[in-house]
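Trainee: Please see the structure below; I have some questions.
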Amino acid sequence: MDICHTIKKIRNNISKSGDGVFTKRRLKFKNNFIEWTHFKQAYLWDISTNPFPVHHKLTQEHIFLTSENKMRNHLAEEVLNSEMLHLMKLYKSSLGDAGTKIDATIELLQQTSVLIQNFKDSRPITDSSDERIKQNHDVLQWFIQWEKMIKDNSEITNKEKHLISHQTREDIISSIMGFEEMCIYKLKCSNASIIPSRVNSDVIENIFCQQRTLHNGANTNPTYLGYCHSVNSVILGQTSISRKSNAGGGAGAQLNQAVKANKKVQWFIFEE
C-alpha cells in the first residue's frame with residue numbers, strides 16, 4: 001500500500017510507451033495513445049515559449065530518464081501531478097486542432113494528479129465519508145474501465161501492450177482499496193484520524209537506500225557487524241527522509257529536513 005511506488009510504476013510504464021521500434025508499450029485510451037513523447041514535447045514547448053516556465057519544477061531529469069532517476073519518487077510525482085496536467089492542457093491549446101492527439105494523456109493525468117494530491121495531503125481524515133476517499137475510488141474505477149475497454153475491443157490483438165503492466169494495475173488496486181479499507185476500519189474502531197501523507201514507506205526506503213549506497217559502498221551483501229555500524233550512522237547522522245535517498249528530494253524531504261532521526265528512533269541503536 002505504497003502510493004509513491006505505484007506512481008513510479010505508472011510513470012515507468014508511460015516512459016516505455018510510444019511508436020518507436022524499441023518501445024515496449026503503446027498505451028491506448030479510447031481512440032488516442034498515451035506516449036512519453038507528449039511529455040517531452042510539452043516540456044520543450046514550455047521552456048522554449050514561456051519566459052517563466054509553467055511547470056517550474058520540471059527539469060531534464062524528469063523527462064530524460066536514467067536508471068537512477070527512475071527510482072526517485074519526487075521525479076515521478078512531479079511529472080504526473082496537477083502542475084503537469086495544467087502544462088499539458090496549455091500545450092494542447094497551442095497545438096490547435098492537432099491537440100486532440102494528447103487527449104488520452106490529459107485524461108490519465110487527471111487521474112494521477114488526484115491520487116498525488118490526495119495521498120500527499122497533510123489534512124487528517126476524520127470520517128469515512130471524506131471526499132478524498134470517494135475521489136480515490138473514482139480514480140480506481142477509471143483504471144478498471146480502461147482495462148475493460150481494451151480487453152473488450154476485438155480489434156486489438158496484443159491487449160497487454162496497450163495497457164499498463166498487470167503488476168502496476170494490481171498495485172493501483174492495492175494502494176487505493178487498502179487505504180480505503182484502512183480508513184474505514186480505523187475510524188470505526190477508534191476516534192483517531194488518518195493523515196494520508198504519512199501512509200507510505202519513505203522512512204524505510206530511506207534506510208535501505210543509505211544502507212546500500214551511502215555506507216560501505218554499493219554493498220549488497222553486508223555482514224551483520226557492518227550492517228549494525230551502518231544503521232547507527234544512518235540514525236545518528238541523517239534526517240528521517242534524506243535528500244540522498246529515493247524518497248528524498250521532494251516536499252516530504254524538505255518538511256523533514258530539520259527533524260533528526262536520532263530523536264525518534266534512538267532506542268533502536270544497535271550495540272556491539
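Naming scheme: A, B, ... for chains in displayed order of the C-alpha cells; residues 1 onward per chain; ligands 1 onward as shown.
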Taking 3 positions as the minimum chain separation for residues in the same chain, which residues sit within 7 Å of range 83-97 of chain A when counting only C-alpha atoms? Answer as a list in words.
Mentor: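 Those residues are Ala42, Val54, His55, Val79, Leu80, Thr100, Ile102, Ile106, Leu109 and Gln110 of chain A.
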Trainee: Can I get the selected residues back with N, CA and C atoms, as a compact mmCIF listing (two decimals), in the first residue's frame?
Mentor:
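The resulting file, result.txt, is reproduced below:
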```
# COMPACT_ATOMS: atom_id res chain seq x y z
N ALA A 42 5.78 18.68 -24.46
CA ALA A 42 5.20 19.71 -23.59
C ALA A 42 6.29 20.43 -22.80
N VAL A 54 5.81 27.29 -17.07
CA VAL A 54 4.53 27.00 -16.41
C VAL A 54 4.74 25.99 -15.28
N HIS A 55 5.48 24.94 -15.59
CA HIS A 55 5.80 23.92 -14.58
C HIS A 55 7.25 24.17 -14.15
N VAL A 79 5.98 14.74 -12.42
CA VAL A 79 5.67 14.63 -13.84
C VAL A 79 4.25 14.09 -14.06
N LEU A 80 3.56 13.76 -12.96
CA LEU A 80 2.19 13.25 -13.07
C LEU A 80 1.20 14.03 -12.20
N THR A 100 -5.89 17.31 -30.19
CA THR A 100 -6.69 16.15 -29.76
C THR A 100 -5.85 14.89 -29.59
N ILE A 102 -3.36 14.44 -27.80
CA ILE A 102 -2.89 14.23 -26.42
C ILE A 102 -4.06 14.17 -25.43
N ILE A 106 -3.91 13.60 -21.27
CA ILE A 106 -4.55 14.52 -20.33
C ILE A 106 -5.53 13.77 -19.43
N LEU A 109 -3.55 12.03 -16.80
CA LEU A 109 -3.02 12.99 -15.83
C LEU A 109 -4.11 13.48 -14.87
N GLN A 110 -5.32 13.54 -15.35
CA GLN A 110 -6.43 13.94 -14.46
C GLN A 110 -6.61 12.93 -13.33
```
Trainee: For a quick check of understanding, using only C-alpha atoms, which of A:Ile176, A:Val114, A:Ile7, A:Met71 has the smallest distance to Glu205 in chain A?
Mentor: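 Nearest candidate to Glu205 in chain A out of A:Ile176, A:Val114, A:Ile7, A:Met71: A:Met71.
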Trainee: Please return as an MDAnalysis selection string: the residues of range 114-249 of chain A that backbone DSSP assigns to helix (DSSP H, G or I).
Mentor: chainID A and resid 114:119 131:151 159:162 166:189 196:198 202:214 224:237
Trainee: Applying 12 Å and only C-alpha atoms, which residues near range 168-174 of chain A remain after dropping the ones on its own chain fewer than 6 positions away? List them as a ChimeraX atom specification.
Mentor: /A:1-14,111-112,115,136-147,160,180-182
Trainee: Could you jot down the CA of Ile204 in chain A to CA of Leu187 in chain A separation for me, Å, one decimal place?
Mentor: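 So the two atoms, CA of Ile204 in chain A and CA of Leu187 in chain A, lie 25.3 Å apart.
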Trainee: List the neighbours of range 56-66 of chain A out to 8 Å using only C-alpha atoms; skip same-chain residues closer than 5 positions along the sequence, and give me the result as a PDB file with N, CA and C atoms, in the first residue's frame.
Mentor:
```
ATOM      1  N   PHE A  39       5.018  14.157 -23.156  1.00  0.00           N
ATOM      2  CA  PHE A  39       5.619  14.838 -22.009  1.00  0.00           C
ATOM      3  C   PHE A  39       6.878  15.593 -22.438  1.00  0.00           C
ATOM      4  N   LYS A  40       7.671  14.969 -23.293  1.00  0.00           N
ATOM      5  CA  LYS A  40       8.878  15.638 -23.791  1.00  0.00           C
ATOM      6  C   LYS A  40       8.527  16.890 -24.574  1.00  0.00           C
ATOM      7  N   TYR A  43       7.273  19.679 -22.319  1.00  0.00           N
ATOM      8  CA  TYR A  43       8.385  20.276 -21.574  1.00  0.00           C
ATOM      9  C   TYR A  43       9.206  21.204 -22.469  1.00  0.00           C
ATOM     10  N   LEU A  75      10.547  12.751  -8.712  1.00  0.00           N
ATOM     11  CA  LEU A  75      10.593  12.952 -10.160  1.00  0.00           C
ATOM     12  C   LEU A  75       9.353  12.362 -10.830  1.00  0.00           C
ATOM     13  N   ALA A  76       8.888  11.243 -10.307  1.00  0.00           N
ATOM     14  CA  ALA A  76       7.671  10.629 -10.853  1.00  0.00           C
ATOM     15  C   ALA A  76       6.436  11.436 -10.474  1.00  0.00           C
ATOM     16  N   GLU A  78       6.199  14.632  -9.708  1.00  0.00           N
ATOM     17  CA  GLU A  78       6.142  15.958 -10.322  1.00  0.00           C
ATOM     18  C   GLU A  78       5.859  15.915 -11.816  1.00  0.00           C
ATOM     19  N   VAL A  79       5.984  14.739 -12.422  1.00  0.00           N
ATOM     20  CA  VAL A  79       5.669  14.627 -13.842  1.00  0.00           C
ATOM     21  C   VAL A  79       4.248  14.093 -14.062  1.00  0.00           C
TER      22      VAL A  79
END
```
Trainee: Could you work out how far CA of Met149 in chain A lies from CA of Ile164 in chain A, giving the answer in Å with one decimal?
Mentor: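 Calculated distance between CA of Ile164 in chain A and CA of Met149 in chain A is 13.1 Å.
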Trainee: Please indicate the distance in Å from CA of Arg72 in chain A to CA of Phe29 in chain A, rounded to one decimal place.
Mentor: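 A separation of 26.9 Å between them.
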Trainee: Restricting the calculation to only C-alpha atoms: of A:Lys70, A:Lys30, A:Arg198, A:Lys120, which residue gets closest to Lys16 in chain A?
Mentor: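 Closest to Lys16 in chain A of all the choices is A:Lys70.
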Trainee: May I have the residues within 12 Å of Asp19 in chain A as a list in words, using only C-alpha atoms and disregarding those fewer than 2 positions away in the same chain?
Mentor: Ser15, Lys16, Ser17, Val21, Phe22, Thr23, Lys24, Arg25, Arg26, Leu27, Lys28, Phe33, Ile34, Glu35, Trp36, Thr37, His38, Lys161 and His162 of chain A
Trainee: Choose the residue, out of A:Ile156, A:Thr223, A:Val234, A:Gly18, that has the smallest atom-to-atom separation from Val203 in chain A; count only C-alpha atoms.
Mentor: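 Distance minimum relative to Val203 in chain A lands on A:Val234.
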